[in-house]
$ cat data_26.pdb   # PDB, C-alpha atoms and all ligand atoms
ATOM      1  CA  MET A 260      16.524  65.618 -64.933
ATOM      2  CA  SER A 261      17.070  62.037 -65.904
ATOM      3  CA  ALA A 262      16.124  60.853 -69.369
ATOM      4  CA  GLN A 263      13.658  58.122 -70.190
ATOM      5  CA  ILE A 264      15.577  55.132 -71.541
ATOM      6  CA  ILE A 265      14.235  53.956 -74.899
ATOM      7  CA  ASP A 266      14.442  50.181 -74.614
ATOM      8  CA  GLY A 267      15.532  49.043 -78.072
ATOM      9  CA  LYS A 268      15.945  45.480 -76.908
ATOM     10  CA  ALA A 269      12.316  45.220 -75.797
ATOM     11  CA  PHE A 270      11.059  47.114 -78.848
ATOM     12  CA  ALA A 271      13.052  44.803 -81.127
ATOM     13  CA  ALA A 272      11.539  41.765 -79.436
ATOM     14  CA  LYS A 273       8.089  43.202 -80.151
ATOM     15  CA  VAL A 274       8.969  43.818 -83.816
ATOM     16  CA  ARG A 275      10.331  40.276 -84.153
ATOM     17  CA  GLY A 276       7.080  39.005 -82.650
ATOM     18  CA  GLN A 277       5.148  40.832 -85.378
ATOM     19  CA  VAL A 278       7.519  39.434 -88.006
ATOM     20  CA  ALA A 279       6.968  35.918 -86.646
ATOM     21  CA  GLU A 280       3.177  36.351 -86.938
ATOM     22  CA  HIS A 281       3.524  37.380 -90.588
ATOM     23  CA  VAL A 282       5.822  34.442 -91.268
ATOM     24  CA  THR A 283       3.308  32.048 -89.705
ATOM     25  CA  ALA A 284       0.510  33.510 -91.848
ATOM     26  CA  LEU A 285       2.614  33.377 -95.039
ATOM     27  CA  LYS A 286       3.300  29.697 -94.417
ATOM     28  CA  ALA A 287      -0.267  28.782 -93.458
ATOM     29  CA  GLU A 288      -2.125  30.806 -96.080
ATOM     30  CA  HIS A 289       0.298  30.767 -99.011
ATOM     31  CA  GLY A 290       2.796  27.974 -98.334
ATOM     32  CA  ILE A 291       5.653  30.502 -98.513
ATOM     33  CA  THR A 292       8.647  30.652 -96.154
ATOM     34  CA  PRO A 293      10.600  33.918 -96.330
ATOM     35  CA  GLY A 294      14.311  33.282 -96.886
ATOM     36  CA  LEU A 295      17.284  35.443 -95.953
ATOM     37  CA  ALA A 296      20.807  34.908 -97.281
ATOM     38  CA  VAL A 297      23.846  36.499 -95.650
ATOM     39  CA  VAL A 298      27.123  36.620 -97.518
ATOM     40  CA  LEU A 299      30.273  37.025 -95.443
ATOM     41  CA  VAL A 300      33.687  37.613 -96.978
ATOM     42  CA  GLY A 301      36.599  37.352 -94.565
ATOM     43  CA  GLU A 302      36.431  37.902 -90.836
ATOM     44  CA  ASP A 303      35.569  41.430 -89.700
ATOM     45  CA  PRO A 304      34.985  41.359 -85.899
ATOM     46  CA  ALA A 305      31.926  43.707 -85.954
ATOM     47  CA  SER A 306      30.322  41.614 -88.686
ATOM     48  CA  GLN A 307      30.864  38.443 -86.693
ATOM     49  CA  VAL A 308      29.005  39.837 -83.680
ATOM     50  CA  TYR A 309      26.188  40.829 -85.945
ATOM     51  CA  VAL A 310      25.960  37.539 -87.831
ATOM     52  CA  ARG A 311      25.846  35.501 -84.635
ATOM     53  CA  SER A 312      22.621  37.018 -83.295
ATOM     54  CA  LYS A 313      21.185  37.488 -86.789
ATOM     55  CA  GLY A 314      21.266  33.786 -87.674
ATOM     56  CA  LYS A 315      19.660  32.851 -84.370
ATOM     57  CA  MET A 316      16.887  35.425 -84.726
ATOM     58  CA  THR A 317      16.161  34.578 -88.364
ATOM     59  CA  ASN A 318      15.424  31.013 -87.320
ATOM     60  CA  GLU A 319      13.467  32.145 -84.243
ATOM     61  CA  VAL A 320      10.930  34.032 -86.368
ATOM     62  CA  GLY A 321      10.493  30.942 -88.561
ATOM     63  CA  MET A 322      12.347  32.131 -91.647
ATOM     64  CA  LYS A 323      14.846  30.232 -93.739
ATOM     65  CA  SER A 324      18.405  31.348 -93.033
ATOM     66  CA  VAL A 325      21.286  30.753 -95.429
ATOM     67  CA  GLU A 326      24.905  31.735 -94.841
ATOM     68  CA  HIS A 327      27.625  31.928 -97.461
ATOM     69  CA  LYS A 328      31.033  32.254 -95.841
ATOM     70  CA  LEU A 329      33.689  33.112 -98.374
ATOM     71  CA  ASP A 330      37.427  33.275 -97.956
ATOM     72  CA  GLU A 331      39.123  36.633 -97.319
ATOM     73  CA  ASN A 332      40.827  36.318-100.743
ATOM     74  CA  THR A 333      37.689  35.515-102.738
ATOM     75  CA  SER A 334      37.777  37.102-106.188
ATOM     76  CA  GLU A 335      35.204  39.643-107.293
ATOM     77  CA  ALA A 336      34.004  37.249-110.019
ATOM     78  CA  ASP A 337      33.404  34.474-107.481
ATOM     79  CA  LEU A 338      31.502  36.805-105.150
ATOM     80  CA  LEU A 339      29.374  38.128-108.026
ATOM     81  CA  ALA A 340      28.618  34.523-109.035
ATOM     82  CA  VAL A 341      27.286  33.775-105.524
ATOM     83  CA  ILE A 342      25.095  36.891-105.641
ATOM     84  CA  ASP A 343      23.837  35.993-109.118
ATOM     85  CA  GLN A 344      22.855  32.546-107.884
ATOM     86  CA  LEU A 345      20.979  34.064-104.904
ATOM     87  CA  ASN A 346      19.289  36.606-107.192
ATOM     88  CA  LYS A 347      17.880  33.703-109.219
ATOM     89  CA  ASP A 348      16.909  31.564-106.200
ATOM     90  CA  ALA A 349      13.135  31.864-105.676
ATOM     91  CA  SER A 350      13.404  30.602-102.079
ATOM     92  CA  ILE A 351      15.575  33.611-101.161
ATOM     93  CA  HIS A 352      13.759  36.924-100.645
ATOM     94  CA  GLY A 353      16.502  38.902 -98.924
ATOM     95  CA  ILE A 354      20.239  39.132 -99.614
ATOM     96  CA  LEU A 355      22.688  40.863 -97.298
ATOM     97  CA  VAL A 356      26.380  41.201 -98.100
ATOM     98  CA  GLN A 357      28.229  41.987 -94.898
ATOM     99  CA  LEU A 358      30.176  45.233 -94.999
ATOM    100  CA  PRO A 359      32.945  46.219 -94.935
ATOM    101  CA  LEU A 360      34.307  43.997 -97.705
ATOM    102  CA  PRO A 361      38.039  43.244 -98.030
ATOM    103  CA  LYS A 362      39.905  46.047 -99.810
ATOM    104  CA  HIS A 363      40.341  44.276-103.159
ATOM    105  CA  LEU A 364      36.557  44.121-103.699
ATOM    106  CA  ASP A 365      34.547  47.026-105.135
ATOM    107  CA  GLU A 366      31.762  47.557-102.594
ATOM    108  CA  ASP A 367      29.580  49.686-104.868
ATOM    109  CA  LEU A 368      29.818  47.186-107.695
ATOM    110  CA  VAL A 369      28.993  44.271-105.395
ATOM    111  CA  ILE A 370      26.004  45.978-103.748
ATOM    112  CA  ASN A 371      24.621  47.107-107.084
ATOM    113  CA  SER A 372      24.735  43.548-108.391
ATOM    114  CA  ILE A 373      22.103  42.484-105.835
ATOM    115  CA  ASP A 374      18.543  42.359-107.195
ATOM    116  CA  PRO A 375      17.072  45.618-105.765
ATOM    117  CA  ALA A 376      13.905  43.725-104.781
ATOM    118  CA  LYS A 377      16.050  41.441-102.573
ATOM    119  CA  ASP A 378      18.297  44.220-101.261
ATOM    120  CA  VAL A 379      17.127  44.076 -97.624
ATOM    121  CA  ASP A 380      19.940  46.458 -96.597
ATOM    122  CA  GLY A 381      18.497  49.126 -98.894
ATOM    123  CA  PHE A 382      21.978  50.010-100.194
ATOM    124  CA  HIS A 383      21.412  49.436-103.944
ATOM    125  CA  ILE A 384      21.396  52.705-105.929
ATOM    126  CA  SER A 385      17.829  51.976-107.059
ATOM    127  CA  ASN A 386      16.616  51.800-103.473
ATOM    128  CA  VAL A 387      18.614  54.899-102.513
ATOM    129  CA  GLY A 388      16.978  56.782-105.403
ATOM    130  CA  LEU A 389      13.511  55.516-104.555
ATOM    131  CA  LEU A 390      13.906  56.564-100.911
ATOM    132  CA  GLY A 391      15.237  59.970-101.950
ATOM    133  CA  THR A 392      12.203  60.587-104.136
ATOM    134  CA  GLY A 393       9.707  59.283-101.590
ATOM    135  CA  GLN A 394       8.830  56.145-103.516
ATOM    136  CA  LYS A 395       8.371  52.642-102.181
ATOM    137  CA  SER A 396      11.799  51.071-101.565
ATOM    138  CA  MET A 397      13.789  48.820 -99.297
ATOM    139  CA  VAL A 398      14.843  51.046 -96.380
ATOM    140  CA  PRO A 399      18.233  50.592 -94.633
ATOM    141  CA  CYS A 400      17.749  48.647 -91.391
ATOM    142  CA  THR A 401      19.494  50.915 -88.876
ATOM    143  CA  PRO A 402      17.748  54.160 -89.907
ATOM    144  CA  LEU A 403      14.424  52.297 -90.133
ATOM    145  CA  GLY A 404      14.895  51.025 -86.577
ATOM    146  CA  CYS A 405      15.705  54.554 -85.368
ATOM    147  CA  LEU A 406      12.603  55.922 -87.114
ATOM    148  CA  MET A 407      10.386  53.276 -85.506
ATOM    149  CA  MET A 408      11.671  54.186 -82.029
ATOM    150  CA  LEU A 409      11.241  57.915 -82.683
ATOM    151  CA  ARG A 410       7.682  57.492 -83.995
ATOM    152  CA  ASP A 411       6.819  55.273 -81.059
ATOM    153  CA  HIS A 412       8.156  57.821 -78.577
ATOM    154  CA  HIS A 413       6.830  61.023 -80.158
ATOM    155  CA  GLY A 414       3.867  59.985 -82.279
ATOM    156  CA  SER A 415       4.312  62.662 -84.940
ATOM    157  CA  LEU A 416       7.780  64.043 -85.755
ATOM    158  CA  SER A 417       6.346  66.856 -87.872
ATOM    159  CA  GLY A 418       8.164  70.185 -87.512
ATOM    160  CA  MET A 419      10.835  68.907 -85.146
ATOM    161  CA  ASN A 420      14.468  69.961 -85.561
ATOM    162  CA  ALA A 421      16.529  66.865 -86.253
ATOM    163  CA  VAL A 422      20.315  66.807 -86.379
ATOM    164  CA  VAL A 423      22.002  63.737 -87.813
ATOM    165  CA  ILE A 424      25.704  63.568 -86.972
ATOM    166  CA  GLY A 425      27.429  61.538 -89.676
ATOM    167  CA  ARG A 426      26.938  61.408 -93.435
ATOM    168  CA  SER A 427      27.468  57.741 -94.270
ATOM    169  CA  ASN A 428      25.463  56.023 -96.989
ATOM    170  CA  ILE A 429      24.544  53.320 -94.460
ATOM    171  CA  VAL A 430      23.094  55.507 -91.700
ATOM    172  CA  GLY A 431      23.464  59.297 -91.929
ATOM    173  CA  LYS A 432      22.074  59.976 -95.390
ATOM    174  CA  PRO A 433      19.130  57.533 -95.329
ATOM    175  CA  MET A 434      18.301  58.620 -91.755
ATOM    176  CA  ALA A 435      18.072  62.220 -92.949
ATOM    177  CA  GLN A 436      15.767  61.159 -95.814
ATOM    178  CA  LEU A 437      13.446  59.305 -93.438
ATOM    179  CA  LEU A 438      13.278  62.220 -90.992
ATOM    180  CA  LEU A 439      12.567  64.570 -93.884
ATOM    181  CA  GLY A 440       9.828  62.185 -94.993
ATOM    182  CA  ASP A 441       8.280  62.578 -91.545
ATOM    183  CA  SER A 442       8.444  66.384 -91.944
ATOM    184  CA  CYS A 443      11.361  67.135 -89.641
ATOM    185  CA  THR A 444      13.668  70.064 -90.343
ATOM    186  CA  VAL A 445      16.849  68.112 -90.964
ATOM    187  CA  THR A 446      20.496  69.057 -90.600
ATOM    188  CA  ILE A 447      23.284  66.640 -91.489
ATOM    189  CA  ALA A 448      26.408  67.441 -89.501
ATOM    190  CA  HIS A 449      29.835  65.898 -90.066
ATOM    191  CA  SER A 450      33.550  66.262 -89.383
ATOM    192  CA  ARG A 451      33.757  69.626 -91.203
ATOM    193  CA  THR A 452      30.659  71.146 -89.614
ATOM    194  CA  LYS A 453      31.390  74.501 -87.998
ATOM    195  CA  ASP A 454      30.424  74.855 -84.350
ATOM    196  CA  LEU A 455      28.975  71.372 -83.945
ATOM    197  CA  PRO A 456      27.955  71.980 -80.305
ATOM    198  CA  GLU A 457      25.793  74.922 -81.392
ATOM    199  CA  VAL A 458      24.192  72.905 -84.222
ATOM    200  CA  VAL A 459      23.463  69.943 -81.947
ATOM    201  CA  GLY A 460      22.151  72.317 -79.280
ATOM    202  CA  ARG A 461      19.263  73.354 -81.550
ATOM    203  CA  ALA A 462      18.059  69.784 -82.085
ATOM    204  CA  ASP A 463      14.870  68.263 -80.715
ATOM    205  CA  ILE A 464      16.176  64.961 -82.111
ATOM    206  CA  VAL A 465      19.864  64.024 -82.229
ATOM    207  CA  VAL A 466      20.952  60.941 -84.159
ATOM    208  CA  ALA A 467      24.638  60.224 -83.576
ATOM    209  CA  ALA A 468      26.224  57.988 -86.215
ATOM    210  CA  VAL A 469      29.896  58.859 -86.459
ATOM    211  CA  GLY A 470      31.700  55.843 -85.074
ATOM    212  CA  ARG A 471      33.688  57.801 -82.481
ATOM    213  CA  PRO A 472      33.309  56.561 -78.918
ATOM    214  CA  GLU A 473      31.396  58.956 -76.618
ATOM    215  CA  MET A 474      32.102  62.040 -78.749
ATOM    216  CA  VAL A 475      28.845  63.855 -77.906
ATOM    217  CA  PRO A 476      28.856  65.252 -74.369
ATOM    218  CA  GLY A 477      25.735  66.161 -72.424
ATOM    219  CA  ASP A 478      26.412  69.884 -72.501
ATOM    220  CA  TRP A 479      25.818  69.917 -76.288
ATOM    221  CA  ILE A 480      22.291  68.542 -75.857
ATOM    222  CA  LYS A 481      19.197  70.743 -75.581
ATOM    223  CA  LYS A 482      17.233  70.026 -72.419
ATOM    224  CA  GLY A 483      14.543  67.430 -73.101
ATOM    225  CA  ALA A 484      15.840  66.424 -76.558
ATOM    226  CA  THR A 485      15.638  62.842 -77.798
ATOM    227  CA  VAL A 486      19.037  61.222 -78.357
ATOM    228  CA  ILE A 487      19.417  58.207 -80.639
ATOM    229  CA  ASP A 488      22.848  56.624 -80.344
ATOM    230  CA  VAL A 489      23.804  54.567 -83.400
ATOM    231  CA  GLY A 490      27.432  54.035 -82.364
ATOM    232  CA  ILE A 491      28.726  50.600 -81.458
ATOM    233  CA  ASN A 492      32.326  51.059 -80.315
ATOM    234  CA  ARG A 493      34.440  48.519 -78.537
ATOM    235  CA  ILE A 494      36.790  50.251 -76.112
ATOM    236  CA  GLU A 495      39.016  49.213 -73.256
ATOM    237  CA  ARG A 496      38.369  50.882 -69.919
ATOM    238  CA  ASP A 497      39.861  49.930 -66.556
ATOM    239  CA  GLY A 498      41.364  46.879 -68.266
ATOM    240  CA  LYS A 499      37.947  45.685 -69.430
ATOM    241  CA  ASN A 500      36.384  45.526 -72.889
ATOM    242  CA  LYS A 501      33.310  47.713 -73.067
ATOM    243  CA  LEU A 502      30.702  48.548 -75.693
ATOM    244  CA  VAL A 503      29.962  52.277 -75.872
ATOM    245  CA  GLY A 504      28.043  54.501 -78.250
ATOM    246  CA  ASP A 505      28.862  57.761 -80.013
ATOM    247  CA  VAL A 506      27.331  59.787 -77.175
ATOM    248  CA  ASP A 507      28.517  60.049 -73.612
ATOM    249  CA  PHE A 508      25.595  58.272 -71.994
ATOM    250  CA  ALA A 509      26.296  59.396 -68.426
ATOM    251  CA  SER A 510      26.189  63.131 -69.170
ATOM    252  CA  CYS A 511      23.647  63.041 -72.039
ATOM    253  CA  SER A 512      21.100  61.112 -69.993
ATOM    254  CA  GLU A 513      21.185  63.943 -67.425
ATOM    255  CA  VAL A 514      19.958  66.455 -70.012
ATOM    256  CA  ALA A 515      17.995  64.508 -72.645
ATOM    257  CA  GLY A 516      14.290  63.764 -72.418
ATOM    258  CA  ALA A 517      14.839  60.305 -73.861
ATOM    259  CA  ILE A 518      17.893  58.330 -74.925
ATOM    260  CA  THR A 519      18.787  54.960 -76.420
ATOM    261  CA  PRO A 520      21.416  52.918 -74.553
ATOM    262  CA  VAL A 521      24.371  50.976 -76.003
ATOM    263  CA  PRO A 522      24.061  48.044 -75.939
ATOM    264  CA  GLY A 523      20.313  47.449 -76.023
ATOM    265  CA  GLY A 524      19.252  50.367 -78.202
ATOM    266  CA  VAL A 525      19.679  50.735 -81.939
ATOM    267  CA  GLY A 526      21.639  47.467 -82.421
ATOM    268  CA  PRO A 527      18.799  45.037 -81.689
ATOM    269  CA  MET A 528      16.424  47.190 -83.747
ATOM    270  CA  THR A 529      18.761  46.911 -86.751
ATOM    271  CA  ILE A 530      18.450  43.125 -86.728
ATOM    272  CA  ALA A 531      14.677  43.259 -86.143
ATOM    273  CA  CYS A 532      14.344  45.575 -89.159
ATOM    274  CA  LEU A 533      16.437  43.236 -91.290
ATOM    275  CA  LEU A 534      13.890  40.504 -90.557
ATOM    276  CA  ALA A 535      11.031  42.948 -91.166
ATOM    277  CA  ASN A 536      12.547  43.941 -94.527
ATOM    278  CA  THR A 537      12.851  40.278 -95.506
ATOM    279  CA  VAL A 538       9.126  39.728 -94.845
ATOM    280  CA  THR A 539       8.331  42.910 -96.779
ATOM    281  CA  ALA A 540      10.463  41.750 -99.723
ATOM    282  CA  CYS A 541       8.792  38.335 -99.614
ATOM    283  CA  CYS A 542       5.295  39.855 -99.679
ATOM    284  CA  ARG A 543       6.196  42.169-102.567
ATOM    285  CA  ALA A 544       7.788  39.306-104.533
ATOM    286  CA  ASN A 545       4.561  37.329-104.212
ATOM    287  CA  GLY A 546       2.174  40.215-104.916
ATOM    288  CA  LEU A 547       0.787  40.082-101.374
ATOM    289  CA  ALA A 548      -0.262  42.895 -99.057
ATOM    290  CA  GLU A 549       2.679  44.345 -97.153
ATOM    291  CA  PRO A 550       3.051  43.776 -93.421
ATOM    292  CA  GLU A 551       1.582  46.747 -91.582
ATOM    293  CA  GLY A 552       3.782  48.711 -89.196
ATOM    294  CA  LEU A 553       6.983  47.090 -90.431
ATOM    295  CA  THR A 554       7.755  49.464 -93.306
ATOM    296  CA  ALA A 555       8.608  53.153 -93.450
TER     297      ALA A 555
HETATM  298  N1  LIG B   1      25.502  44.802 -94.962
HETATM  299  C1  LIG B   1      25.591  45.063 -93.652
HETATM  300  N2  LIG B   1      24.488  45.447 -92.962
HETATM  301  C2  LIG B   1      24.561  45.685 -91.621
HETATM  302  O1  LIG B   1      23.541  46.053 -91.004
HETATM  303  C3  LIG B   1      25.830  45.518 -90.946
HETATM  304  C4  LIG B   1      26.922  45.118 -91.720
HETATM  305  N3  LIG B   1      26.779  44.914 -93.054
HETATM  306  N4  LIG B   1      28.143  44.928 -91.158
HETATM  307  C5  LIG B   1      28.339  45.009 -89.715
HETATM  308  C6  LIG B   1      27.386  46.005 -89.115
HETATM  309  C7  LIG B   1      27.259  45.876 -87.601
HETATM  310  N5  LIG B   1      25.848  45.650 -87.348
HETATM  311  C8  LIG B   1      25.305  45.412 -86.073
HETATM  312  C9  LIG B   1      23.959  45.211 -85.871
HETATM  313  C10 LIG B   1      23.454  44.934 -84.612
HETATM  314  C11 LIG B   1      24.278  44.878 -83.511
HETATM  315  C12 LIG B   1      23.714  44.584 -82.161
HETATM  316  O2  LIG B   1      22.633  44.049 -82.023
HETATM  317  N6  LIG B   1      24.438  44.943 -81.087
HETATM  318  C13 LIG B   1      24.044  44.699 -79.705
HETATM  319  C14 LIG B   1      25.237  44.353 -78.845
HETATM  320  C15 LIG B   1      25.937  43.112 -79.229
HETATM  321  C16 LIG B   1      27.106  42.883 -78.283
HETATM  322  O3  LIG B   1      26.868  42.756 -77.065
HETATM  323  O4  LIG B   1      28.232  42.859 -78.773
HETATM  324  C17 LIG B   1      23.443  45.945 -79.079
HETATM  325  O5  LIG B   1      23.720  47.059 -79.552
HETATM  326  O6  LIG B   1      22.717  45.816 -78.098
HETATM  327  C18 LIG B   1      25.631  45.094 -83.700
HETATM  328  C19 LIG B   1      26.131  45.363 -84.962
HETATM  329  C20 LIG B   1      25.195  45.561 -88.543
HETATM  330  N7  LIG B   1      26.011  45.736 -89.584
END

$ encode --input "data_26.pdb" --output "structure tokens" --more "lines below"
Ligand SMILES: Nc1nc(=O)c2c([nH]1)NC[C@@H]1CN(c3ccc(C(=O)N[C@@H](CCC(=O)O)C(=O)O)cc3)C=[N+]21
Amino acid sequence: MSAQIIDGKAFAAKVRGQVAEHVTALKAEHGITPGLAVVLVGEDPASQVYVRSKGKMTNEVGMKSVEHKLDENTSEADLLAVIDQLNKDASIHGILVQLPLPKHLDEDLVINSIDPAKDVDGFHISNVGLLGTGQKSMVPCTPLGCLMMLRDHHGSLSGMNAVVIGRSNIVGKPMAQLLLGDSCTVTIAHSRTKDLPEVVGRADIVVAAVGRPEMVPGDWIKKGATVIDVGINRIERDGKNKLVGDVDFASCSEVAGAITPVPGGVGPMTIACLLANTVTACCRANGLAEPEGLTA
């Protein structure tokens, strides 16, 4: 059997189209332009890839895009001052601080200094707590994008066995919360999990978010399962640079019912959800109805 490919690139384009419609309406009916600020400290290669397409797409959907590029050696006080200024800026509805930060900066402290209402990454402890208790929050972009693709493919996820591989605050944990919210039976697996192949083999939904190139082989996957590959790993193969996921696409796509490719799967959806979150934050800030279909 050959799996259906879930086209994240096309889905993301559709989501961005919906975002653009909301932006047009916000401008026309309320004279408001949603604004997104990205703060970059230093030069992490993965972040650079991300920022390139992000800036382009922010402008494409008609939003205001602001970039703050700070030196690798920026002090914590200087970074916090930039965030404080953005927190107070009424034209900015979303703030994203690119991670990872250079070692001398306290990531938790920095993230928690962002106004939770503008925290479009959904990483602030207030948003994490709200998500965990099923209250309205800003939802992390990558897990939100995965959820949208899963809902689109399956309709209801109720009662399905979901295994999330990886327990990061950015993907694994919030992904598990969202799947639980949609009434899946959720297992979070990680590097210490005993008999990972057996655990993965029980899953109707596998979300791989470990950051290890092609670590999930097809013979772990239950026949017909849906595989969401969050990994974005740059590897060298046959002397060429290649982008691969956390699952071995060749073998997994033989067994799975549906699978997301890398590139063209989760990555584009992450950016689309960042734009969606910015519109959501803008609507909430102005006491307006939230965009339908763009929130969890
Ligand atoms: N605060 C914060 N939030 C983030 O969401 C965040 C971050 N920091 N730091 C860096 C990582 C990385 N990231 C990506 C998102 C989309 C693609 C993406 O669209 N990738 C394309 C491929 C791009 C290519 O060809 O290289 C794809 O998968 O099809 C990649 C990487 C978000 N990140």

$ resolve_selection --input "data_26.pdb" --expression "the PyMOL selection byres (((chain A and resi 509-512) around 10) and not hetatm)" --output "JSON, numbers by chain"
{"A": [260, 261, 262, 263, 264, 473, 475, 476, 477, 478, 479, 480, 481, 482, 483, 484, 485, 486, 506, 507, 508, 513, 514, 515, 516, 517, 518, 519, 520]}

$ closest_residue --input "data_26.pdb" --among "A:Leu437, A:Leu329, A:Ala544, A:Ala336" --to "Gly404 (chain A)" --atoms "all atoms listed in the file"
A:Leu437

$ axis_aligned_box --input "data_26.pdb" --around "ligand LIG 1 (chain B)" --padding-each-side "8 Å" --output "JSON"
{"center_x": 25.5, "center_y": 44.9, "center_z": -86.0, "size_x": 21.7, "size_y": 20.3, "size_z": 33.9}

$ resolve_selection --input "data_26.pdb" --expression "the PyMOL selection byres (((chain A and resi 275-286) around 12) and not hetatm)" --output "PyMOL selection string"
chain A and resi 267-274+287-294+313+315-323+404+527-539+541-542+545+547-554

$ residues_near_ligand --input "data_26.pdb" --ligand "ligand LIG 1 (chain B)" --cutoff "6 Å" --atoms "all atoms listed in the file" --output "MDAnalysis selection string"
chainID A and resid 305:306 308:309 355:358 380 521:527 529:530

$ residues_near_point --input "data_26.pdb" --point "(15.5, 59.6, -103.8)" --cutoff "12 Å" --atoms "all atoms listed in the file" --output "tab-separated table (two decimals) with C-alpha atoms, keeping the file's coordinate frame"
chain	number	residue	atom	x	y	z
A	381	GLY	CA	18.50	49.13	-98.89
A	383	HIS	CA	21.41	49.44	-103.94
A	384	ILE	CA	21.40	52.70	-105.93
A	385	SER	CA	17.83	51.98	-107.06
A	386	ASN	CA	16.62	51.80	-103.47
A	387	VAL	CA	18.61	54.90	-102.51
A	388	GLY	CA	16.98	56.78	-105.40
A	389	LEU	CA	13.51	55.52	-104.56
A	390	LEU	CA	13.91	56.56	-100.91
A	391	GLY	CA	15.24	59.97	-101.95
A	392	THR	CA	12.20	60.59	-104.14
A	393	GLY	CA	9.71	59.28	-101.59
A	394	GLN	CA	8.83	56.14	-103.52
A	395	LYS	CA	8.37	52.64	-102.18
A	396	SER	CA	11.80	51.07	-101.56
A	397	MET	CA	13.79	48.82	-99.30
A	398	VAL	CA	14.84	51.05	-96.38
A	432	LYS	CA	22.07	59.98	-95.39
A	433	PRO	CA	19.13	57.53	-95.33
A	435	ALA	CA	18.07	62.22	-92.95
A	436	GLN	CA	15.77	61.16	-95.81
A	437	LEU	CA	13.45	59.30	-93.44
A	439	LEU	CA	12.57	64.57	-93.88
A	440	GLY	CA	9.83	62.18	-94.99

$ closest_residue --input "data_26.pdb" --among "A:Val445, A:Leu406, A:Ala349, A:Ala376" --to "Met419 (chain A)" --atoms "all atoms listed in the file"
A:Val445

$ atom_distance --input "data_26.pdb" --atom1 "CA of Lys347 (chain A)" --atom2 "CA of Glu331 (chain A)"
24.5 Å

$ resolve_selection --input "data_26.pdb" --expression "the PyMOL selection byres (((chain A and resi 470) around 10) and not hetatm)" --output "compact mmCIF listing (two decimals) with C-alpha atoms, in the frame of the given file"
# COMPACT_ATOMS: atom_id res chain seq x y z
CA ILE A 424 25.70 63.57 -86.97
CA GLY A 425 27.43 61.54 -89.68
CA ALA A 467 24.64 60.22 -83.58
CA ALA A 468 26.22 57.99 -86.22
CA VAL A 469 29.90 58.86 -86.46
CA ARG A 471 33.69 57.80 -82.48
CA PRO A 472 33.31 56.56 -78.92
CA GLU A 473 31.40 58.96 -76.62
CA MET A 474 32.10 62.04 -78.75
CA VAL A 489 23.80 54.57 -83.40
CA GLY A 490 27.43 54.04 -82.36
CA ILE A 491 28.73 50.60 -81.46
CA ASN A 492 32.33 51.06 -80.32
CA GLY A 504 28.04 54.50 -78.25
CA ASP A 505 28.86 57.76 -80.01
CA VAL A 506 27.33 59.79 -77.18

$ decode --input "data_26.pdb" --residues "region 442-473 of chain A" --atoms "C-alpha atoms" --output "compact mmCIF listing (two decimals), in the first residue's frame"
# COMPACT_ATOMS: atom_id res chain seq x y z
CA SER A 442 -10.37 13.22 22.65
CA CYS A 443 -7.46 11.10 21.46
CA THR A 444 -5.83 8.58 23.79
CA VAL A 445 -2.40 10.17 23.97
CA THR A 446 1.02 8.71 24.69
CA ILE A 447 4.13 10.87 24.83
CA ALA A 448 7.20 8.83 23.97
CA HIS A 449 10.80 10.00 24.34
CA SER A 450 14.42 8.88 24.52
CA ARG A 451 13.82 6.79 27.67
CA THR A 452 10.64 5.11 26.46
CA LYS A 453 10.85 1.33 26.69
CA ASP A 454 10.15 -0.59 23.50
CA LEU A 455 9.44 2.44 21.32
CA PRO A 456 8.64 0.31 18.24
CA GLU A 457 5.87 -1.46 20.17
CA VAL A 458 4.44 1.85 21.47
CA VAL A 459 4.49 3.44 18.01
CA GLY A 460 2.99 0.27 16.53
CA ARG A 461 -0.23 0.82 18.51
CA ALA A 462 -0.77 4.34 17.16
CA ASP A 463 -3.48 5.42 14.74
CA ILE A 464 -1.69 8.79 14.68
CA VAL A 465 2.08 9.18 14.97
CA VAL A 466 3.57 12.65 15.44
CA ALA A 467 7.36 12.52 15.22
CA ALA A 468 9.12 15.52 16.78
CA VAL A 469 12.52 14.40 17.99
CA GLY A 470 14.98 16.14 15.71
CA ARG A 471 16.77 12.94 14.66
CA PRO A 472 16.94 12.38 10.91
CA GLU A 473 14.81 9.44 9.67
